[in-house]
file protein.cif (mmCIF, C-alpha atoms)
data_protein
loop_
_atom_site.group_PDB
_atom_site.id
_atom_site.type_symbol
_atom_site.label_atom_id
_atom_site.label_comp_id
_atom_site.auth_asym_id
_atom_site.auth_seq_id
_atom_site.Cartn_x
_atom_site.Cartn_y
_atom_site.Cartn_z
ATOM 1 C CA MET A 78 -52.985 -66.039 64.290
ATOM 2 C CA GLN A 79 -50.891 -67.116 61.351
ATOM 3 C CA THR A 80 -48.300 -69.788 60.741
ATOM 4 C CA PRO A 81 -44.530 -69.243 61.074
ATOM 5 C CA ALA A 82 -44.139 -69.799 57.308
ATOM 6 C CA ILE A 83 -46.277 -66.819 56.348
ATOM 7 C CA ALA A 84 -44.436 -64.630 58.858
ATOM 8 C CA SER A 85 -41.128 -65.457 57.166
ATOM 9 C CA GLU A 86 -42.553 -64.837 53.697
ATOM 10 C CA LEU A 87 -43.962 -61.511 54.830
ATOM 11 C CA ILE A 88 -40.741 -60.423 56.504
ATOM 12 C CA ASP A 89 -38.838 -61.196 53.287
ATOM 13 C CA GLN A 90 -41.201 -59.084 51.179
ATOM 14 C CA LEU A 91 -40.892 -55.936 53.272
ATOM 15 C CA ALA A 92 -38.323 -53.158 52.992
ATOM 16 C CA TYR A 93 -36.576 -51.805 56.061
ATOM 17 C CA ASN A 94 -34.731 -48.555 56.680
ATOM 18 C CA THR A 95 -31.045 -48.357 57.544
ATOM 19 C CA ASP A 96 -31.934 -49.120 61.171
ATOM 20 C CA GLY A 97 -33.730 -52.285 60.097
ATOM 21 C CA LEU A 98 -37.149 -50.827 60.871
ATOM 22 C CA ILE A 99 -40.414 -50.263 59.012
ATOM 23 C CA PRO A 100 -43.186 -47.830 60.006
ATOM 24 C CA ALA A 101 -46.514 -49.340 61.045
ATOM 25 C CA ILE A 102 -49.780 -47.411 61.147
ATOM 26 C CA ALA A 103 -52.409 -48.754 63.543
ATOM 27 C CA GLN A 104 -56.011 -48.198 62.484
ATOM 28 C CA GLN A 105 -59.102 -49.190 64.448
ATOM 29 C CA HIS A 106 -60.587 -51.809 62.148
ATOM 30 C CA ASP A 107 -64.261 -50.917 62.437
ATOM 31 C CA THR A 108 -64.275 -47.134 62.740
ATOM 32 C CA GLY A 109 -61.286 -46.289 60.523
ATOM 33 C CA GLU A 110 -59.745 -44.115 63.245
ATOM 34 C CA VAL A 111 -55.971 -43.798 62.835
ATOM 35 C CA LEU A 112 -54.679 -44.545 66.314
ATOM 36 C CA MET A 113 -50.907 -44.186 66.146
ATOM 37 C CA MET A 114 -47.780 -44.816 64.133
ATOM 38 C CA ALA A 115 -44.850 -46.799 65.493
ATOM 39 C CA TRP A 116 -42.000 -48.944 64.195
ATOM 40 C CA MET A 117 -41.515 -52.660 63.714
ATOM 41 C CA ASN A 118 -38.530 -54.890 63.006
ATOM 42 C CA PRO A 119 -38.655 -58.456 61.683
ATOM 43 C CA GLU A 120 -38.787 -59.881 65.201
ATOM 44 C CA SER A 121 -41.772 -57.747 66.201
ATOM 45 C CA ILE A 122 -43.540 -58.546 62.921
ATOM 46 C CA ARG A 123 -43.042 -62.258 63.560
ATOM 47 C CA GLU A 124 -44.395 -61.965 67.080
ATOM 48 C CA THR A 125 -47.379 -59.869 65.976
ATOM 49 C CA VAL A 126 -48.347 -62.254 63.192
ATOM 50 C CA SER A 127 -47.887 -65.390 65.240
ATOM 51 C CA THR A 128 -49.592 -64.201 68.449
ATOM 52 C CA GLY A 129 -52.261 -61.890 67.043
ATOM 53 C CA GLN A 130 -51.254 -59.223 69.580
ATOM 54 C CA VAL A 131 -49.438 -56.180 68.198
ATOM 55 C CA CYS A 132 -45.789 -55.853 69.169
ATOM 56 C CA TYR A 133 -43.627 -52.923 68.008
ATOM 57 C CA TRP A 134 -39.950 -52.116 68.308
ATOM 58 C CA SER A 135 -39.247 -49.331 70.766
ATOM 59 C CA ARG A 136 -36.590 -47.054 69.283
ATOM 60 C CA SER A 137 -35.999 -45.311 72.610
ATOM 61 C CA ARG A 138 -35.756 -48.456 74.727
ATOM 62 C CA LYS A 139 -34.221 -50.532 71.928
ATOM 63 C CA LYS A 140 -36.365 -53.547 72.718
ATOM 64 C CA LEU A 141 -39.599 -55.231 71.753
ATOM 65 C CA TRP A 142 -42.600 -53.179 72.804
ATOM 66 C CA ARG A 143 -45.563 -55.406 73.469
ATOM 67 C CA LYS A 144 -48.221 -52.744 73.200
ATOM 68 C CA GLY A 145 -50.328 -52.640 76.348
ATOM 69 C CA GLU A 146 -48.135 -55.059 78.282
ATOM 70 C CA SER A 147 -48.053 -52.754 81.304
ATOM 71 C CA SER A 148 -51.104 -50.540 80.641
ATOM 72 C CA GLY A 149 -53.478 -53.239 79.437
ATOM 73 C CA HIS A 150 -54.182 -51.103 76.374
ATOM 74 C CA VAL A 151 -53.487 -53.903 73.939
ATOM 75 C CA GLN A 152 -54.058 -54.019 70.221
ATOM 76 C CA ARG A 153 -55.513 -57.217 68.847
ATOM 77 C CA LEU A 154 -54.491 -57.758 65.254
ATOM 78 C CA ILE A 155 -57.394 -58.074 62.856
ATOM 79 C CA GLU A 156 -55.383 -57.889 59.632
ATOM 80 C CA LEU A 157 -51.898 -56.878 58.544
ATOM 81 C CA ARG A 158 -51.619 -55.019 55.237
ATOM 82 C CA PHE A 159 -48.647 -53.454 53.499
ATOM 83 C CA ASP A 160 -48.168 -50.942 50.747
ATOM 84 C CA CYS A 161 -47.060 -50.950 47.121
ATOM 85 C CA ASP A 162 -43.403 -50.325 47.972
ATOM 86 C CA GLY A 163 -43.426 -52.787 50.869
ATOM 87 C CA ASP A 164 -42.036 -50.091 53.123
ATOM 88 C CA THR A 165 -45.074 -49.270 55.269
ATOM 89 C CA ILE A 166 -47.377 -51.552 57.260
ATOM 90 C CA LEU A 167 -51.032 -50.865 57.988
ATOM 91 C CA LEU A 168 -52.327 -52.761 61.002
ATOM 92 C CA GLN A 169 -56.062 -53.209 61.290
ATOM 93 C CA VAL A 170 -56.511 -53.602 65.031
ATOM 94 C CA ASP A 171 -59.019 -53.740 67.819
ATOM 95 C CA GLN A 172 -57.711 -51.289 70.406
ATOM 96 C CA THR A 173 -58.501 -51.809 74.078
ATOM 97 C CA GLY A 174 -58.691 -48.434 75.857
ATOM 98 C CA PRO A 175 -56.664 -45.433 74.713
ATOM 99 C CA ALA A 176 -53.855 -45.995 72.215
ATOM 100 C CA CYS A 177 -51.901 -42.897 73.256
ATOM 101 C CA HIS A 178 -49.671 -42.627 76.313
ATOM 102 C CA THR A 179 -51.451 -39.321 77.082
ATOM 103 C CA ASN A 180 -54.552 -41.456 77.697
ATOM 104 C CA ARG A 181 -56.235 -40.197 74.554
ATOM 105 C CA ARG A 182 -57.924 -42.614 72.221
ATOM 106 C CA ASN A 183 -55.439 -41.754 69.448
ATOM 107 C CA CYS A 184 -52.150 -39.879 69.208
ATOM 108 C CA PHE A 185 -53.223 -37.320 66.583
ATOM 109 C CA TYR A 186 -54.935 -34.846 68.880
ATOM 110 C CA ARG A 187 -53.342 -31.638 67.657
ATOM 111 C CA ALA A 188 -54.543 -29.931 64.492
ATOM 112 C CA VAL A 189 -54.061 -26.743 62.542
ATOM 113 C CA ARG A 190 -57.444 -25.018 62.598
ATOM 114 C CA ASP A 191 -58.239 -21.395 61.780
ATOM 115 C CA GLY A 192 -54.613 -20.331 61.906
ATOM 116 C CA GLU A 193 -53.964 -21.917 65.294
ATOM 117 C CA ILE A 194 -52.605 -25.188 66.603
ATOM 118 C CA GLU A 195 -55.515 -26.624 68.558
ATOM 119 C CA THR A 196 -55.883 -29.603 70.876
ATOM 120 C CA ILE A 197 -58.847 -31.468 69.440
ATOM 121 C CA ALA A 198 -59.183 -34.374 71.889
ATOM 122 C CA GLU A 199 -58.921 -34.688 75.659
ATOM 123 C CA PRO A 200 -57.615 -37.616 77.699
ATOM 124 C CA GLU A 201 -60.195 -40.238 78.520
ATOM 125 C CA SER A 202 -61.363 -40.377 82.096
ATOM 126 C CA VAL A 203 -60.006 -43.326 84.023
ATOM 127 C CA MET B 132 -55.348 -22.360 53.393
ATOM 128 C CA GLN B 133 -53.460 -21.063 56.368
ATOM 129 C CA THR B 134 -51.216 -18.099 57.047
ATOM 130 C CA PRO B 135 -47.400 -18.230 56.803
ATOM 131 C CA ALA B 136 -47.162 -17.629 60.568
ATOM 132 C CA ILE B 137 -48.947 -20.856 61.477
ATOM 133 C CA ALA B 138 -46.827 -22.826 59.016
ATOM 134 C CA SER B 139 -43.673 -21.615 60.776
ATOM 135 C CA GLU B 140 -45.088 -22.390 64.220
ATOM 136 C CA LEU B 141 -46.090 -25.856 63.049
ATOM 137 C CA ILE B 142 -42.728 -26.571 61.459
ATOM 138 C CA ASP B 143 -40.992 -25.573 64.700
ATOM 139 C CA GLN B 144 -43.149 -27.947 66.767
ATOM 140 C CA LEU B 145 -42.438 -31.037 64.689
ATOM 141 C CA ALA B 146 -39.567 -33.510 65.038
ATOM 142 C CA TYR B 147 -37.611 -34.655 61.988
ATOM 143 C CA ASN B 148 -35.407 -37.667 61.427
ATOM 144 C CA THR B 149 -31.706 -37.439 60.650
ATOM 145 C CA ASP B 150 -32.597 -36.803 56.986
ATOM 146 C CA GLY B 151 -34.764 -33.847 58.031
ATOM 147 C CA LEU B 152 -37.968 -35.694 57.174
ATOM 148 C CA ILE B 153 -41.190 -36.629 58.959
ATOM 149 C CA PRO B 154 -43.647 -39.352 57.909
ATOM 150 C CA ALA B 155 -47.103 -38.224 56.797
ATOM 151 C CA ILE B 156 -50.125 -40.513 56.626
ATOM 152 C CA ALA B 157 -52.838 -39.468 54.160
ATOM 153 C CA GLN B 158 -56.381 -40.421 55.134
ATOM 154 C CA GLN B 159 -59.520 -39.784 53.094
ATOM 155 C CA HIS B 160 -61.326 -37.355 55.373
ATOM 156 C CA ASP B 161 -64.880 -38.652 55.007
ATOM 157 C CA THR B 162 -64.447 -42.430 54.704
ATOM 158 C CA GLY B 163 -61.433 -42.920 56.983
ATOM 159 C CA GLU B 164 -59.592 -44.920 54.300
ATOM 160 C CA VAL B 165 -55.822 -44.784 54.794
ATOM 161 C CA LEU B 166 -54.549 -43.910 51.340
ATOM 162 C CA MET B 167 -50.757 -43.831 51.610
ATOM 163 C CA MET B 168 -47.775 -42.853 53.680
ATOM 164 C CA ALA B 169 -45.057 -40.553 52.389
ATOM 165 C CA TRP B 170 -42.502 -38.095 53.754
ATOM 166 C CA MET B 171 -42.452 -34.350 54.251
ATOM 167 C CA ASN B 172 -39.772 -31.805 55.004
ATOM 168 C CA PRO B 173 -40.328 -28.285 56.326
ATOM 169 C CA GLU B 174 -40.534 -26.856 52.803
ATOM 170 C CA SER B 175 -43.237 -29.324 51.734
ATOM 171 C CA ILE B 176 -45.157 -28.740 54.970
ATOM 172 C CA ARG B 177 -45.049 -24.999 54.350
ATOM 173 C CA GLU B 178 -46.288 -25.427 50.799
ATOM 174 C CA THR B 179 -49.042 -27.850 51.839
ATOM 175 C CA VAL B 180 -50.340 -25.610 54.594
ATOM 176 C CA SER B 181 -50.189 -22.429 52.535
ATOM 177 C CA THR B 182 -51.674 -23.785 49.295
ATOM 178 C CA GLY B 183 -54.106 -26.390 50.643
ATOM 179 C CA GLN B 184 -52.735 -28.927 48.142
ATOM 180 C CA VAL B 185 -50.624 -31.739 49.571
ATOM 181 C CA CYS B 186 -46.951 -31.661 48.687
ATOM 182 C CA TYR B 187 -44.497 -34.322 49.903
ATOM 183 C CA TRP B 188 -40.744 -34.695 49.690
ATOM 184 C CA SER B 189 -39.665 -37.394 47.244
ATOM 185 C CA ARG B 190 -36.811 -39.362 48.792
ATOM 186 C CA SER B 191 -35.934 -41.021 45.466
ATOM 187 C CA ARG B 192 -36.013 -37.862 43.353
ATOM 188 C CA LYS B 193 -34.791 -35.623 46.180
ATOM 189 C CA LYS B 194 -37.235 -32.881 45.331
ATOM 190 C CA LEU B 195 -40.658 -31.573 46.233
ATOM 191 C CA TRP B 196 -43.385 -33.959 45.122
ATOM 192 C CA ARG B 197 -46.567 -32.065 44.379
ATOM 193 C CA LYS B 198 -48.932 -35.012 44.602
ATOM 194 C CA GLY B 199 -50.930 -35.355 41.395
ATOM 195 C CA GLU B 200 -48.995 -32.689 39.507
ATOM 196 C CA SER B 201 -48.554 -34.968 36.493
ATOM 197 C CA SER B 202 -51.359 -37.522 37.101
ATOM 198 C CA GLY B 203 -54.053 -35.112 38.233
ATOM 199 C CA HIS B 204 -54.577 -37.321 41.290
ATOM 200 C CA VAL B 205 -54.252 -34.455 43.729
ATOM 201 C CA GLN B 206 -54.916 -34.403 47.450
ATOM 202 C CA ARG B 207 -56.760 -31.394 48.773
ATOM 203 C CA LEU B 208 -55.875 -30.749 52.399
ATOM 204 C CA ILE B 209 -58.852 -30.778 54.723
ATOM 205 C CA GLU B 210 -56.913 -30.733 57.989
ATOM 206 C CA LEU B 211 -53.362 -31.340 59.160
ATOM 207 C CA ARG B 212 -52.952 -33.160 62.484
ATOM 208 C CA PHE B 213 -49.849 -34.385 64.282
ATOM 209 C CA ASP B 214 -49.154 -36.824 67.055
ATOM 210 C CA CYS B 215 -48.131 -36.699 70.697
ATOM 211 C CA ASP B 216 -44.423 -36.906 69.945
ATOM 212 C CA GLY B 217 -44.658 -34.472 67.031
ATOM 213 C CA ASP B 218 -42.912 -36.978 64.818
ATOM 214 C CA THR B 219 -45.794 -38.135 62.595
ATOM 215 C CA ILE B 220 -48.289 -36.121 60.562
ATOM 216 C CA LEU B 221 -51.837 -37.216 59.748
ATOM 217 C CA LEU B 222 -53.259 -35.464 56.706
ATOM 218 C CA GLN B 223 -57.013 -35.454 56.330
ATOM 219 C CA VAL B 224 -57.416 -35.103 52.581
ATOM 220 C CA ASP B 225 -59.870 -35.262 49.742
ATOM 221 C CA GLN B 226 -58.239 -37.540 47.179
ATOM 222 C CA THR B 227 -58.996 -37.117 43.477
ATOM 223 C CA GLY B 228 -58.746 -40.484 41.699
ATOM 224 C CA PRO B 229 -56.436 -43.228 42.916
ATOM 225 C CA ALA B 230 -53.748 -42.352 45.466
ATOM 226 C CA CYS B 231 -51.446 -45.220 44.465
ATOM 227 C CA HIS B 232 -49.122 -45.220 41.462
ATOM 228 C CA THR B 233 -50.514 -48.697 40.658
ATOM 229 C CA ASN B 234 -53.819 -46.941 39.980
ATOM 230 C CA ARG B 235 -55.409 -48.388 43.073
ATOM 231 C CA ARG B 236 -57.417 -46.185 45.369
ATOM 232 C CA ASN B 237 -54.915 -46.762 48.204
ATOM 233 C CA CYS B 238 -51.442 -48.256 48.510
ATOM 234 C CA PHE B 239 -52.278 -50.914 51.114
ATOM 235 C CA TYR B 240 -53.645 -53.559 48.781
ATOM 236 C CA ARG B 241 -51.720 -56.575 50.060
ATOM 237 C CA ALA B 242 -52.786 -58.409 53.184
ATOM 238 C CA VAL B 243 -51.994 -61.524 55.162
ATOM 239 C CA ARG B 244 -55.145 -63.634 55.028
ATOM 240 C CA ASP B 245 -55.548 -67.308 55.838
ATOM 241 C CA GLY B 246 -51.832 -67.974 55.801
ATOM 242 C CA GLU B 247 -51.290 -66.304 52.413
ATOM 243 C CA ILE B 248 -50.277 -62.898 51.131
ATOM 244 C CA GLU B 249 -53.285 -61.791 49.103
ATOM 245 C CA THR B 250 -53.927 -58.871 46.780
ATOM 246 C CA ILE B 251 -57.123 -57.370 48.134
ATOM 247 C CA ALA B 252 -57.732 -54.511 45.676
ATOM 248 C CA GLU B 253 -57.414 -54.159 41.934
ATOM 249 C CA PRO B 254 -56.420 -51.106 39.905
ATOM 250 C CA GLU B 255 -59.257 -48.795 39.014
ATOM 251 C CA SER B 256 -60.353 -48.804 35.399
ATOM 252 C CA VAL B 257 -59.294 -45.713 33.511
#
call {"tool": "encode", "arguments": {"input": "protein.cif", "output": "structure tokens"}}
result
Amino acid sequence: MQTPAIASELIDQLAYNTDGLIPAIAQQHDTGEVLMMAWMNPESIRETVSTGQVCYWSRSRKKLWRKGESSGHVQRLIELRFDCDGDTILLQVDQTGPACHTNRRNCFYRAVRDGEIETIAEPESV
Amino acid sequence: MQTPAIASELIDQLAYNTDGLIPAIAQQHDTGEVLMMAWMNPESIRETVSTGQVCYWSRSRKKLWRKGESSGHVQRLIELRFDCDGDTILLQVDQTGPACHTNRRNCFYRAVRDGEIETIAEPESV
């Protein structure tokens, strides 16, 4: 958890699109697995930094999306990084359960292999 | 390298924003390091899949951006994956040299640590 001051400084340094959003990549901190990509706004960044629990902005529901609030599949923030242009966030997280709403560990389960689009991961058993 | 048919099928399955673009995360295939995030359009996806060399769409220059064309810091495509919503691409690549224009291995070299924004990686020596 970080102080409110650093959240404000961070929010000021980042660049947002015309909708006021910035893409955030979530990566499992210890394995390097890329889990998902979602969007944040200043409010969700502030909440994430100050609580240590990842909160996105849901573009479809137009509200804060506290990841795992209903499913329990939360992401604990290990470290927030951002890129050279300040327009992409990389979240190092500790993911509880599957990150994907399809119940897969990560969202990137389709791949082009041998001239076909293949499903390369199955949902986890519950 | 893949056939033209699979490139067309892939392009049809993906979702683009109002500018006709889709975000693409580049990850070093063997270490899991997230190198950068950039944007692709159907033309750059087609070129990437058919040549095996990653090509983005430059939003600032409004043209195809053949990564490493001038710097030599190319990205060889190992595998293209995409997410559950079809609106984000994950490129497994083999990066030659630094991925970042600051000459750092990856673009995510700033982090919030101990209440400060810290630079956590230095440019590679040339």
call {"tool": "atom_distance", "arguments": {"input": "protein.cif", "atom1": "atom CA of B:Glu164", "atom2": "atom CA of A:Gly97"}}
result
27.5 Å
call {"tool": "residues_around", "arguments": {"input": "protein.cif", "residues": "stretch 210-212 of chain B", "least_positions_apart": "6", "cutoff": "8 Å", "atoms": "only C-alpha atoms", "output": "ChimeraX atom specification"}}
result
/A:185-190 /B:180,220-224
call {"tool": "residues_around", "arguments": {"input": "protein.cif", "residues": "A:Cys132", "least_positions_apart": "2", "cutoff": "10 Å", "atoms": "only C-alpha atoms", "output": "number ranges by chain"}}
result
A: 115-118, 120-126, 128-130, 134-135, 141-146, 151-154
call {"tool": "resolve_selection", "arguments": {"input": "protein.cif", "expression": "the PyMOL selection byres ((chain B) within 10 of (chain A))", "output": "JSON, numbers by chain"}}
result
{"B": [132, 133, 134, 135, 136, 137, 138, 140, 141, 144, 154, 155, 156, 158, 162, 163, 164, 165, 166, 167, 168, 169, 180, 209, 210, 211, 212, 213, 214, 215, 216, 217, 218, 219, 220, 221, 222, 231, 232, 233, 235, 237, 238, 239, 240, 241, 242, 243, 244, 245, 246, 247, 248, 249, 250, 251]}
call {"tool": "closest_residue", "arguments": {"input": "protein.cif", "among": "A:Ser147, A:Ser127, A:Gln172, A:Asn180", "to": "A:Asp107", "atoms": "all atoms listed in the file"}}
result
A:Gln172
call {"tool": "atom_distance", "arguments": {"input": "protein.cif", "atom1": "atom CA of A:His150", "atom2": "atom CA of A:Ala103"}}
result
13.2 Å
call {"tool": "atom_distance", "arguments": {"input": "protein.cif", "atom1": "atom CA of A:Pro175", "atom2": "atom CA of A:Asp96"}}
result
28.4 Å
call {"tool": "axis_aligned_box", "arguments": {"input": "protein.cif", "around": "stretch 173-191 of chain B", "padding_each_side": "6 Å", "output": "AutoDock Vina command-line options"}}
result
--center_x -45.0 --center_y -31.7 --center_z 50.9 --size_x 30.2 --size_y 30.6 --size_z 22.9
call {"tool": "decode", "arguments": {"input": "protein.cif", "residues": "stretch 109-176 of chain A", "atoms": "C-alpha atoms", "output": "short mmCIF file (atom, residue, chain, number, x, y, z; two decimals), in the first residue's frame"}}
result
data_model
loop_
_atom_site.label_atom_id
_atom_site.label_comp_id
_atom_site.auth_asym_id
_atom_site.auth_seq_id
_atom_site.Cartn_x
_atom_site.Cartn_y
_atom_site.Cartn_z
CA GLY A 109 5.81 -13.89 -15.70
CA GLU A 110 2.49 -15.14 -17.09
CA VAL A 111 0.53 -12.35 -18.79
CA LEU A 112 -2.93 -12.71 -17.28
CA MET A 113 -5.09 -10.06 -18.93
CA MET A 114 -5.29 -6.51 -20.18
CA ALA A 115 -7.90 -4.06 -18.94
CA TRP A 116 -8.34 -0.31 -18.53
CA MET A 117 -7.84 2.09 -15.65
CA ASN A 118 -8.82 5.69 -14.99
CA PRO A 119 -7.31 7.98 -12.35
CA GLU A 120 -9.87 6.89 -9.77
CA SER A 121 -9.11 3.19 -10.24
CA ILE A 122 -5.37 3.87 -10.17
CA ARG A 123 -5.77 5.74 -6.89
CA GLU A 124 -7.79 2.92 -5.38
CA THR A 125 -5.36 0.26 -6.60
CA VAL A 126 -2.31 2.05 -5.24
CA SER A 127 -3.87 2.94 -1.92
CA THR A 128 -5.53 -0.43 -1.19
CA GLY A 129 -3.07 -2.82 -2.81
CA GLN A 130 -5.98 -4.61 -4.52
CA VAL A 131 -6.29 -4.11 -8.28
CA CYS A 132 -9.28 -2.09 -9.43
CA TYR A 133 -9.97 -1.38 -13.12
CA TRP A 134 -12.49 0.75 -14.95
CA SER A 135 -15.16 -1.28 -16.68
CA ARG A 136 -15.82 0.26 -20.10
CA SER A 137 -19.00 -1.76 -20.57
CA ARG A 138 -20.49 -1.07 -17.14
CA LYS A 139 -18.96 2.41 -16.90
CA LYS A 140 -17.98 1.94 -13.28
CA LEU A 141 -15.10 0.88 -11.09
CA TRP A 142 -14.36 -2.82 -11.47
CA ARG A 143 -12.88 -4.20 -8.30
CA LYS A 144 -11.37 -7.31 -9.81
CA GLY A 145 -12.62 -10.41 -8.02
CA GLU A 146 -15.21 -8.56 -5.95
CA SER A 147 -17.91 -11.08 -6.85
CA SER A 148 -15.80 -14.06 -7.98
CA GLY A 149 -13.13 -13.89 -5.29
CA HIS A 150 -10.51 -13.98 -8.04
CA VAL A 151 -8.69 -10.93 -6.76
CA GLN A 152 -5.38 -9.51 -7.84
CA ARG A 153 -3.07 -8.34 -5.10
CA LEU A 154 -0.77 -5.61 -6.30
CA ILE A 155 2.91 -6.42 -5.94
CA GLU A 156 4.25 -3.49 -7.98
CA LEU A 157 2.92 -0.93 -10.43
CA ARG A 158 5.18 -0.04 -13.36
CA PHE A 159 4.62 2.19 -16.36
CA ASP A 160 6.25 2.63 -19.71
CA CYS A 161 8.47 5.19 -21.42
CA ASP A 162 5.54 7.13 -22.88
CA GLY A 163 3.52 6.93 -19.67
CA ASP A 164 0.61 5.54 -21.63
CA THR A 165 0.63 1.90 -20.52
CA ILE A 166 0.67 0.38 -17.03
CA LEU A 167 2.20 -2.97 -16.13
CA LEU A 168 0.78 -4.43 -12.93
CA GLN A 169 2.83 -7.07 -11.18
CA VAL A 170 0.17 -9.00 -9.30
CA ASP A 171 -0.53 -12.10 -7.31
CA GLN A 172 -3.64 -13.59 -8.91
CA THR A 173 -6.03 -15.68 -6.83
CA GLY A 174 -7.69 -18.32 -9.03
CA PRO A 175 -8.32 -17.76 -12.73
CA ALA A 176 -7.95 -14.24 -14.12
#
